[in-house]
Structures are given as structure tokens and as C-alpha cells.
Amino acid sequence: MTDSKPIPDLNQQLTQKILDYVYHPQYQPVKPKGIHKALLLPPENYPDVRKAVKRLVLQGKLAYGGNHLVLTPEQITGDPKLTRGTFRQAAAGFGFVRPVPTGKLGAVDDVFVPASATGSAMDGDLVQVRVRSSRRGGQEGEVVEIVERARRQFAGSYGVQDGHSVVWLDGVTIGSPVSVGDVRGLPVEEGDKVVVELVKFSDGVSVGEGVILEVLGSSKNPAVDTLAVMRQYGLEEEFPDEVIEQARTIADQFAQGEIAPGRRDLTEVPTLTIDPHDARDFDDAISLNRNEKGNWELQVHIADVAHFVPIGTALDEEAKKRATSVYLPDRVIPMLPELISNHLASLQPNQVRLTKTVLMEMTDSGTVLHQEVFNSVIHNDRRLNYEQVDQFLQNPEPWRGRLTPEIWQLLGDMHTLAMTLRKNRRDDGALELHLPEIKIDLDKAGKVKGARLVEHTESHQIIEEFMLAANQSVAMWLDDLQIPFLRRAHAPPERRKLQKLNEFVRDLGIDCESLESRFEIQKVVEQVRGQPTEYAVNYAILKSMSKAVYQPGMEQHYALQFDHYCHFTSPIRRYPDLQVHRTVDRLVREHTPAGDPIPVLLSLGHHCSDKEQNAEWAEREIIKIKLLHFLNKKVGETMPGVISGVVPEGFYVRGTKFPAEGFVTINSLPKDRYRFEKRGQVLEGFREGNRFRLGDELTVRIEQVDLTRRALLLYVVSNHTARSAAGTPGKRASGQRRKNLGAKKLRRSRAPQKGSARASKSRAPRRPKKRR
């Protein structure tokens with residue numbers, strides 16, 4: 001079941017474009033002719049634009065000013081102008097509105113909307129906001145109209161409140177449940193996961209109302225939780241029939257046809273793939289050899305997905321809509337039907353496949369001398385997984401009997417070149433954080449039997465370095481030709497965030513200069529490697545960074561320290577890569593124009609960035625739920641952990657053997673008066689031993705698993721970290737407290753004696769403070 005929307009007709013699409021353009025913050029009043037020109041429409045569409053503007057004026061959505069200029073009604077009345085854009089909500093309730101880039105008007109800064117001014121807007125809604133001055137300085141917005149709802153269907157947990165049937169929605173910030181009326185006749189029980197369609201949205205004053213469309217089942221069932229998360233994040237597993245039929249037709253054509261002309265035949269070149277052991281879609285393959293000059297010739301072959309996904313087809317539109325594959329612990333929700341992603345385009349072993357190849361000639365020191373991109377056909381001679389390659393690197397000799405001489409030599413050469421490239425990047429200031437991925441292990445029934453951290457070993461690093469080199473080479477080539485394309489950009493972090501990061505790191509006793517230098521960040525990462533504070537420090541660095549996005553505008557990739565960068569190497573699972581492939585294909589075939597219009601790339605970049613974020617949230621949420629289901633069977637058991645975050649209400653503990661994070665409330669700690677010290681990230685009582693600091697190693701007991709709220713509560717059994725008062729980083733808080741106590745004693749010793757003149761003025765009795 002999907003939350004489908006009717007496809008708008010051409011008049012609706014044109015009307016939407018006109019409104020987006022006129023309500024854009026950078027819009028300057030023009031006549032209908034100017035709107036037609038700015039929207040980059042063909043000449044024959046001008047009468048339609050004129051009629052649409054007139055219709056919007058009659059509806060009161062636009063107005064004519066002097067000299068027949070097109071204005072918003074607010075510009076006529078002198079009220080603050082409204083801005084139209086997509087609403088993005090944060091977990092704390094506030095949000096941002098991103099104005100829609102339209103025609104010749106590009107992207108502008110997002111409009112901040114405080115929690116009290118969001119109205120009934122929900123994440124993804126198209127809204128209109130009134131921009132006003134903020135009491136904190138700058139500007140902020142107030143949502144005045146919901147132009148279009150992003151979705152009306154939500155997953156949630158069914159319950160009964162004050163005798164009424166309600167549903168608590170998953171993944172939304174409204175503080176009250178949705179009323180669902182009479183549910184008699186439905187096979188639903190308290191705690192069941194359901195899907196509801198909202199008929200009235202809560203605005204913070206009145207309660208939302210909805211209708212239950214589907215009962216997914218008990219929330220205690222792990223499979224049901226996966227379905228709920230899919231509904232919560234709008235992830236559609238099934239493809240429309242039209243898309244499947246197109247994929248079958250393309251498969252039949254490929255099976256019957258010959259290899260398309262104009263491709264370089266590389267089937268005799270030794271080639272291999274390295275992927276996770278459970279991978280099914282193989283995007284990339286590698287060839288590497290020495291040329292007649294003695295230089296390296298690295299060839300990165302990428303599945304030619306563009307050959308199988310014609311632009312503008314239902315297959316293409318569905319891929320664009322999804323924008324990314326989503327990898328959940330018990331299933332993959334692919335961007336493309338499996339007939340293409342796992343068969344036609346996938347670079348399967350011992351198969352001939354169509355590819356786009358990036359060839360890079362490099363010196364022994366890793367300097368790129370020459371690069372080119374072309375269409376090719378390859379034969380994958382060997383499929384290896386990361387674990388096998390790690391074993392090879394530890395001891396290559398036993399593998400001579402398992403691999404052909406060409407593949408054995410290829411693996412060794414790949415390691416040599418990759419480590420050179422990696423050292424070069426680090427010397428240039430590239431940043432690499434250590435935040436291992438959590439891998440959930442499931443049994444045959446789909447239940448969690450364990451979890452582990454996936455280490456970024458040298459086998460992973462080999463593939464990473466070659467993919468980075470290929471992505472960079474394609475971006476440099478397109479920039480040299482001045483062709484617009486969709487970049488992968490990572491803006492430098494804000495200075496104020498780096499200053500806060502500096503304070504945080506120094507308060508932990510880590511010696512560093514200003515973290516506005518990327519090389520100082522590198523030093524900090526190295527200092528905490530293998531230490532109890534490693535996760536917390538790496539996470540803090542990550543939070544201080546900007547979010548990487550897709551955009552056509554020129555922007556460096558800060559973390560990689562690349563001036564030119566795009567995503568090219570995963571077109572099976574990422575639509576931006578497919579978009580770049582099409583640009584490359586037009587260049588290779590000498591079709592013009594090779595690039596797409598900037599407004600098209602802007603909108604596509606925003607869409608793909610949002611879908612990527614949505615997929616990350618879904619993956620993170622389901623991993624958390626799976627871990628909670630596993631730990632729910634272990635309530636009362638103990639596990640080792642490290643304090644990963646400290647707040648006034650308590651602290652977070654991350655397991656060291658089992659990668660789950662839970663919370664220890666201050667009320668569960670030994671009885672004391674605790675004080676939170678932001679400097680040093682310490683929660684400290686007055687009694688000896690009652691001190692809990694970021695990085696402390698503990699043993700905790702699993703106290704409670706709340707599957708509804710998706711929370712894990714822990715209880716401290718023992719604190720293994722012993723720090724002496726003298727000379728230990730982070731003890732400043734305790735020392736300062738002792739100084740303060742000493743000062744209070746000194747003041748009391750100097751207090752006036754009974755009967756003195758000073759004392760007589762201060763004899764009024766004081767009411768004793770109540771203990772809370």
C-alpha cells in the first residue's frame with residue numbers, strides 16, 4: 001500500500017511554477033512576458049502563461065500592479081511578503097523552509113521557523129511563510145498556509161486514552177495522539193502498529209483526526225516494526241506494474257541483441273570486484289597494470305546503468321522518485337527493479353557486462369598524468385569479498401593456489417597504489433572520522449542474534465581510494481569542459497561550530513590548537529584513536545561539520561579536501577550517479593547540450609539530498625529498533641560500556657561489546673546532589689566516587705527497554721575509571737568546587753559576631769529552604 005498522489009496536468013504544473021517563481025525571495029516584479037522568459041519556456045507557451053497569471057489574479061493568489069507588473073497580494077497591501085518553500089522539521093519542533101528554486105532564480109538561505117510558528121506543518125509539506133524580524137536578531141518565518149501536504153498516511157502505535165481510541169504517530173514531533181474514532185470491527189489491540197490516514201492535522205491547539213487504513217500487527221514482532229518504519233519514512237518496496245514491464249522488455253532486448261558499437265573491448269583485461277560477502281548489486285570493478293612507460297594505469301569500471309534506464313520513461317521516473325536504494329537489516333529497498341540492479345547492470349562474476357570506464361595514468365607517487373572516460377565492455381574474472389582480501393593482505397602466499405597469477409598480482413598491486421593514494425590524501429589534509437557502521441546479524445526467522453561493528457579495514461580502503469579517484473577525475477574532466485553537472489559538495493564548517501568544538505575537546509584534556517585548521521582536527525582524531533573517548537570525540541567532530549549535499553554550484557568537498565568532486569561510481573543505487581553518467585554519455589557520443597539546465601540540477605540536487613537523509617534516518621531507526629528487540633530479552637543482565645554523552649538529566653552509555661546506546665537517568669544514580677559541568681562533560685556529586693565523566697568505562701545493567709518510545713534505560717553497576725585528583729585532565733571542575741567551598745568557609749569565619757553593629761542589621765529571621 002502506498003500513499004499515491006494524482007499526477008498534475010500541464011496547467012497545474014505551469015500554475016505551480018508561476019507561483020513558485022513569484023513567491024521566491026529574489027523575485028523582482030515583471031510582466032507576464034518576463035515570467036515566461038524567466039521560466040525558460042518555449043515561445044509557444046506564452047499564451048498559456050498569460051492565461052494562468054490572469055486566472056491566479058482572479059483567484060486572489062496574485063495581483064496586477066502598475067504597468068501590469070505581476071505582484072503578490074501582500075506587495076499590493078504593503079504587508080510582509082510571503083515566501084513559498086518546503087518545510088523541514090527538526091526533532092525539537094522548530095524547522096526550516098527552503099524556498100523553491102524556479103526558472104532563473106536559484107537557491108537562497110533557508111528560513112528558520114520557531115516551534116511556536118510551525119502551525120500544523122509537517123516535514124516535507126509545501127508551505128507559505130511570512131518572514132519577520134526575530135527577537136534574537138536576523139529573520140524568522142511563520143507558517144501561514146499549507147499549500148500541499150507531503151503525505152497524509154503515517155505509521156503509529158494504537159492505544160486507548162481516556163476511553164478513546166488514539167494512535168501515537170511514529171517520527172513526528174506533535175505532542176498529542178491522533179483520534180481515530182470507533183474501531184469496532186477492526187482486528188486491532190493496544191500496542192499494535194497501524195497505518196492511519198489523517199483527515200485533520202493537529203495544529204498544537206486542536207487534536208488531529210485520522211482513519212486506520214491498515215493493521216500491521218503487534219509491535220513486538222520485529223518484521224512488523226520494519227514495515228512500520230517503511231511506512232513512517234514513505235519507503236515503497238513494490239514497483240508499479242508499468243515499471244516492471246519496462247524492465248522485462250529491456251532485459252529481453254539485451255538478451256537478444258549484440259553489444260552496442262562504440263565500446264572499447266576490455267574483456268581480456270584482468271578484472272575483479274571486491275564487495276561485502278552478502279552483496280548482490282555490483283557497481284564497480286577494478287583493473288590495474290603498468291604501461292610501457294612504467295606508470296600505473298588504473299581502470300575503474302562502473303556499471304552502465306544509463307544504457308538500461310532510458311531517460312523520461314516510467315522506469316526512470318520511479319528511480320528518480322526513490323533517488324537511492326535503502327539498506328535495512330532484513331531487506332533492501334532498491335532504487336531500480338532487481339531485474340536491472342541485480343542482473344542486467346550488476347557486474348557479476350564470469351559475465352560480460354556493459355560499463356563506463358575511468359582510466360587514470362599515475363606515477364608511483366600517485367600523481368595523475370592523464371585521465372579519460374569512455375564506454376566499455378568488461379569480463380569480471382573474480383569476485384572477492386572484503387574478508388577474503390584482508391586474509392590475502394595478511395599472508396598472500398597461501399593464496400597463490402587459489403587465484404590465477406594475474407589476479408594474485410592484481411590484488412598486490414591494488415594494495416600498493418591504494419595505500420599511496422591514501423597517504424597523499426592524508427598529507428593534503430583529508431579528514432577521516434572513526435564511526436564504525438553497526439551490522440545486525442539475523443537468524444533464519446529474521447530475529448536478531450547479535451550485532452557488531454564493521455571495521456574499515458585495508459580491503460575497504462583499497463576500494464574507497466579507487467572510487468574517490470574515479471569520482472574526482474570525472475568531476476575535473478567535466479569542469480575542464482565547463483559542463484554543468486550534479487556535484488557532491490561539502491561546505492566548510494561554520495566558524496562558531498569549530499570554536500565550540502575547540503572548547504569541548506580542550507575540556508576533555510586533549511591538547512590542540514585551533515580546530516579551524518584541518519590538520520589540528522587530524523591530530524585530535526589520532527590522539528583519541530583506541531581511547532574510551534574516541535566515539536564521543538569523533539561524533540562531536542561530525543556534528544560540527546556541514547552536511548554533504550548534491551548541487552550544481554561550484555563548491556569544494558571540505559572533508560576530502562577536493563576542489564572537484566561528484567558521485568559517479570554507484571549508479572545502481574544512487575540517482576545522482578546516474579545523472580552524471582548521462583552527462584558523460586552525451587559527451588562521449590558528442591551530443592549537445594551535454595549538461596542539464598541549472599534549475600533542473602538544483603531541484604534534483606535538493607530532492608536527492610532529502611531522499612538520502614530520509615534513507616539514513618530510516619536505516620538508523622530500524623537498527624535501533626532491532627537492537628531494542630534483542631536487548632528486551634536481556635533485561636537484568638549487565639554489559640560493559642563507555643559514557644558517550646553527558647547532559648544535566650544524566651548520561652548516555654554506549655556498549656563496548658554490543659553496539660547499543662542507552663541512557664542513565666540522574667535519579668538512578670547513588671543518592672547525592674549532582675551538578676552538571678559542561679566544561680569537561682562531568683556529572684558530579686558531593687560524595688566521593690559519585691563522578692561520571694565522558695569516556696568513563698562502566699558496567700551497566702539493562703534496566704528497561706521501552707519499545708514504544710524506542711528507548712533503552714540503563715543502571716550503573718560500577719565505574720571502573722579511577723582518576724586521581726591531581727594532574728588528571730578534566731579535574732578542574734572538582735578543584736574549583738573545593739575552592740568555592742573553601743571560600744564559603746572563609747566568609748563564614750569572617751561573619752560578624754552576635755550583638756555587633758553589623759550583625760544587628762541582619763538579624764531578621766530567614767525561612768529555611770525546603771529540600772526538594
# chains A, B, ... in the order shown; residues from 1 in each chain; ligands from 1
>>> closest_atom_pairs(of="range 563-632 of chain A", to="range 35-48 of chain A", cutoff="12 Å", atoms="only C-alpha atoms", output="CSV")
residue,atom,partner,partner_atom,distance
A:Pro597,CA,A:Leu40,CA,9.6
A:Ile598,CA,A:Leu40,CA,11.1
A:Pro599,CA,A:Leu39,CA,9.4
A:Val600,CA,A:Leu40,CA,11.0
>>> residues_around(residues="range 408-417 of chain A", least_positions_apart="4", cutoff="7 Å", atoms="only C-alpha atoms", output="number ranges by chain")
A: 288, 400, 403-404, 421, 462
>>> write_last_selection(atoms="C-alpha atoms", output="tab-separated table (two decimals), in the first residue's frame")
chain	number	residue	atom	x	y	z
A	288	LEU	CA	45.37	-2.17	-12.84
A	400	ARG	CA	48.76	-18.39	-4.94
A	403	LEU	CA	43.90	-17.31	-7.50
A	404	THR	CA	45.18	-17.08	-11.06
A	421	LEU	CA	46.81	7.46	-2.67
A	462	ILE	CA	41.55	-0.06	-1.37
>>> select_by_dssp(residues="range 43-168 of chain A", states="helix (DSSP H, G or I)", output="list in words")
Pro43, Glu44, Asn45, Tyr46, Pro47, Asp48, Val49, Arg50, Lys51, Ala52, Val53, Lys54, Arg55, Leu56, Val57, Leu58, Gly66, Asn67, His68, Pro73, Glu74, Gln75, Ile76, Thr77, Ala115, Ser116 and Ala117 of chain A
>>> select_by_dssp(residues="range 127-346 of chain A", states="strand (DSSP E or B)", output="ChimeraX atom specification")
/A:127-133,139-148,153-161,164-169,178-179,192-200,209-218,264-265,272-275,284-290,296-303,324,326-328,331-333
>>> residues_around(residues="Arg586 in chain A", least_positions_apart="5", cutoff="12 Å", atoms="only C-alpha atoms", output="MDAnalysis selection string")
chainID A and resid 306:307 373:375 478 483 579:581 591:596
>>> write_last_selection(atoms="N, CA and C atoms", output="compact mmCIF listing (two decimals), in the first residue's frame")
# COMPACT_ATOMS: atom_id res chain seq x y z
N ALA A 306 22.82 3.72 -17.23
CA ALA A 306 22.12 4.61 -18.17
C ALA A 306 21.71 3.87 -19.44
N HIS A 307 22.44 2.84 -19.81
CA HIS A 307 22.11 2.06 -21.01
C HIS A 307 20.77 1.33 -20.83
N VAL A 373 37.49 9.09 -19.94
CA VAL A 373 36.28 8.34 -19.61
C VAL A 373 35.68 7.84 -20.91
N PHE A 374 35.26 6.58 -20.95
CA PHE A 374 34.72 6.03 -22.20
C PHE A 374 33.78 4.86 -21.89
N ASN A 375 32.95 4.52 -22.87
CA ASN A 375 32.07 3.36 -22.77
C ASN A 375 32.87 2.10 -23.07
N LEU A 478 34.77 17.19 -16.31
CA LEU A 478 33.58 17.98 -16.63
C LEU A 478 33.82 19.46 -16.37
N ILE A 483 31.15 21.99 -18.26
CA ILE A 483 29.84 21.36 -18.40
C ILE A 483 29.15 21.36 -17.03
N GLN A 579 22.64 10.39 -13.07
CA GLN A 579 22.54 11.69 -13.74
C GLN A 579 23.88 12.08 -14.35
N VAL A 580 24.97 11.88 -13.60
CA VAL A 580 26.31 12.20 -14.11
C VAL A 580 26.67 11.26 -15.27
N HIS A 581 26.28 10.00 -15.17
CA HIS A 581 26.53 9.04 -16.26
C HIS A 581 25.91 9.54 -17.57
N HIS A 591 26.91 14.43 -28.19
CA HIS A 591 25.57 15.01 -28.26
C HIS A 591 25.57 16.33 -27.51
N THR A 592 24.79 17.28 -28.00
CA THR A 592 24.71 18.59 -27.34
C THR A 592 23.24 18.94 -27.06
N PRO A 593 22.99 19.72 -25.99
CA PRO A 593 23.97 20.10 -24.96
C PRO A 593 24.25 18.92 -24.05
N ALA A 594 25.48 18.85 -23.57
CA ALA A 594 25.87 17.72 -22.72
C ALA A 594 25.32 17.86 -21.31
N GLY A 595 25.29 19.10 -20.82
CA GLY A 595 24.82 19.34 -19.46
C GLY A 595 23.34 19.64 -19.38
N ASP A 596 22.79 19.58 -18.19
CA ASP A 596 21.39 19.91 -17.94
C ASP A 596 21.28 21.35 -17.44
>>> atom_distance(atom1="CA of Val22 in chain A", atom2="CA of Ala150 in chain A")
21.5 Å
>>> closest_residue(among="A:Ile274, A:Glu697, A:Pro648, A:Leu126", to="Arg673 in chain A", atoms="only C-alpha atoms")
A:Pro648
>>> residues_around(residues="Glu197 in chain A", least_positions_apart="4", cutoff="7 Å", atoms="only C-alpha atoms", output="list in words")
Arg152, Gln153, Phe154, Gly210, Val211, Ile212 and Leu213 of chain A
>>> write_last_selection(atoms="C-alpha atoms", output="PDB file, in the first residue's frame")
ATOM      1  CA  ARG A 152      -1.287  12.005   4.745  1.00  0.00           C
ATOM      2  CA  GLN A 153      -0.502   8.431   5.727  1.00  0.00           C
ATOM      3  CA  PHE A 154       1.583   7.633   8.793  1.00  0.00           C
ATOM      4  CA  GLY A 210      -7.477  10.082  11.318  1.00  0.00           C
ATOM      5  CA  VAL A 211      -8.746   6.780   9.991  1.00  0.00           C
ATOM      6  CA  ILE A 212      -6.962   3.439  10.424  1.00  0.00           C
ATOM      7  CA  LEU A 213      -6.215   2.027   6.969  1.00  0.00           C
TER       8      LEU A 213
END
>>> atom_distance(atom1="CA of Arg701 in chain A", atom2="CA of Pro659 in chain A")
14.7 Å
>>> residues_around(residues="Glu317 in chain A", least_positions_apart="2", cutoff="12 Å", atoms="only C-alpha atoms", output="JSON, numbers by chain")
{"A": [239, 240, 242, 243, 246, 309, 310, 311, 312, 313, 314, 315, 319, 320, 321, 322, 323, 335, 336, 575, 604]}
>>> closest_atom_pairs(of="range 224-299 of chain A", to="range 340-348 of chain A", cutoff="9 Å", atoms="only C-alpha atoms", output="CSV")
residue,atom,partner,partner_atom,distance
A:Ala247,CA,A:Ile340,CA,6.9
A:Arg248,CA,A:Ile340,CA,8.9
A:Ile250,CA,A:Ile340,CA,8.9
A:Ala251,CA,A:Leu344,CA,6.9
A:Phe254,CA,A:Leu344,CA,8.1
A:Thr273,CA,A:Leu347,CA,8.0
A:Arg280,CA,A:Asn342,CA,5.8
A:Asp281,CA,A:Asn342,CA,4.8
A:Phe282,CA,A:Ser346,CA,4.8
A:Asp283,CA,A:Ser346,CA,6.1
A:Asp284,CA,A:Leu347,CA,7.0
A:Ala285,CA,A:Leu347,CA,7.3
>>> write_last_selection(atoms="N, CA, C and O atoms", output="mmCIF file, in the first residue's frame")
data_model
loop_
_atom_site.group_PDB
_atom_site.id
_atom_site.type_symbol
_atom_site.label_atom_id
_atom_site.label_comp_id
_atom_site.auth_asym_id
_atom_site.auth_seq_id
_atom_site.Cartn_x
_atom_site.Cartn_y
_atom_site.Cartn_z
ATOM 1 N N ALA A 247 11.189 -2.986 -17.426
ATOM 2 C CA ALA A 247 12.430 -3.681 -17.089
ATOM 3 C C ALA A 247 12.511 -5.025 -17.824
ATOM 4 O O ALA A 247 13.576 -5.410 -18.323
ATOM 5 N N ARG A 248 11.405 -5.735 -17.915
ATOM 6 C CA ARG A 248 11.388 -7.026 -18.621
ATOM 7 C C ARG A 248 11.651 -6.830 -20.118
ATOM 8 O O ARG A 248 12.382 -7.623 -20.733
ATOM 9 N N ILE A 250 13.343 -4.425 -21.537
ATOM 10 C CA ILE A 250 14.759 -4.078 -21.703
ATOM 11 C C ILE A 250 15.628 -5.321 -21.551
ATOM 12 O O ILE A 250 16.610 -5.512 -22.286
ATOM 13 N N ALA A 251 15.265 -6.192 -20.605
ATOM 14 C CA ALA A 251 16.030 -7.429 -20.405
ATOM 15 C C ALA A 251 15.961 -8.318 -21.643
ATOM 16 O O ALA A 251 16.974 -8.900 -22.056
ATOM 17 N N PHE A 254 18.171 -6.889 -24.397
ATOM 18 C CA PHE A 254 19.594 -7.077 -24.121
ATOM 19 C C PHE A 254 20.003 -8.528 -24.392
ATOM 20 O O PHE A 254 21.088 -8.808 -24.909
ATOM 21 N N THR A 273 36.134 -7.754 -8.720
ATOM 22 C CA THR A 273 35.281 -6.931 -7.854
ATOM 23 C C THR A 273 35.557 -7.305 -6.407
ATOM 24 O O THR A 273 35.881 -8.451 -6.098
ATOM 25 N N ARG A 280 24.661 -8.117 -3.591
ATOM 26 C CA ARG A 280 24.034 -8.689 -4.792
ATOM 27 C C ARG A 280 24.135 -7.735 -5.977
ATOM 28 O O ARG A 280 24.046 -8.154 -7.124
ATOM 29 N N ASP A 281 24.250 -6.443 -5.697
ATOM 30 C CA ASP A 281 24.382 -5.464 -6.782
ATOM 31 C C ASP A 281 25.832 -4.972 -6.823
ATOM 32 O O ASP A 281 26.303 -4.329 -5.907
ATOM 33 N N PHE A 282 26.518 -5.305 -7.889
ATOM 34 C CA PHE A 282 27.941 -4.974 -8.021
ATOM 35 C C PHE A 282 28.092 -3.797 -8.985
ATOM 36 O O PHE A 282 27.961 -3.946 -10.195
ATOM 37 N N ASP A 283 28.380 -2.616 -8.417
ATOM 38 C CA ASP A 283 28.511 -1.385 -9.219
ATOM 39 C C ASP A 283 29.850 -1.280 -9.920
ATOM 40 O O ASP A 283 29.926 -0.738 -11.026
ATOM 41 N N ASP A 284 30.915 -1.715 -9.257
ATOM 42 C CA ASP A 284 32.266 -1.339 -9.696
ATOM 43 C C ASP A 284 33.204 -2.535 -9.787
ATOM 44 O O ASP A 284 33.081 -3.504 -9.047
ATOM 45 N N ALA A 285 34.146 -2.442 -10.730
ATOM 46 C CA ALA A 285 35.199 -3.446 -10.899
ATOM 47 C C ALA A 285 36.512 -2.706 -11.168
ATOM 48 O O ALA A 285 36.508 -1.545 -11.590
#
>>> residues_around(residues="Glu465 in chain A", least_positions_apart="5", cutoff="9 Å", atoms="only C-alpha atoms", output="tab-separated table (two decimals) with C-alpha atoms, in the first residue's frame")
chain	number	residue	atom	x	y	z
A	418	ALA	CA	45.78	2.47	-2.87
A	419	MET	CA	47.97	2.98	0.20
A	421	LEU	CA	46.81	7.46	-2.67
A	422	ARG	CA	45.58	7.25	0.90
A	460	HIS	CA	37.69	-1.41	2.32
A	470	ALA	CA	37.40	8.00	-10.22
>>> closest_atom_pairs(of="range 440-508 of chain A", to="range 513-530 of chain A", cutoff="9 Å", atoms="only C-alpha atoms", output="Markdown table")
| residue | atom | partner | partner_atom | distance |
| --- | --- | --- | --- | --- |
| A:Pro493 | CA | A:Glu516 | CA | 8.7 |
| A:Arg495 | CA | A:Glu516 | CA | 7.2 |
| A:Leu498 | CA | A:Leu515 | CA | 6.1 |
| A:Gln499 | CA | A:Leu515 | CA | 7.4 |
| A:Leu501 | CA | A:Leu515 | CA | 7.5 |
| A:Asn502 | CA | A:Leu515 | CA | 6.0 |
| A:Val505 | CA | A:Val524 | CA | 8.2 |
>>> closest_residue(among="A:Thr226, A:Thr357, A:Thr271, A:Gln28", to="Leu328 in chain A", atoms="only C-alpha atoms")
A:Thr226
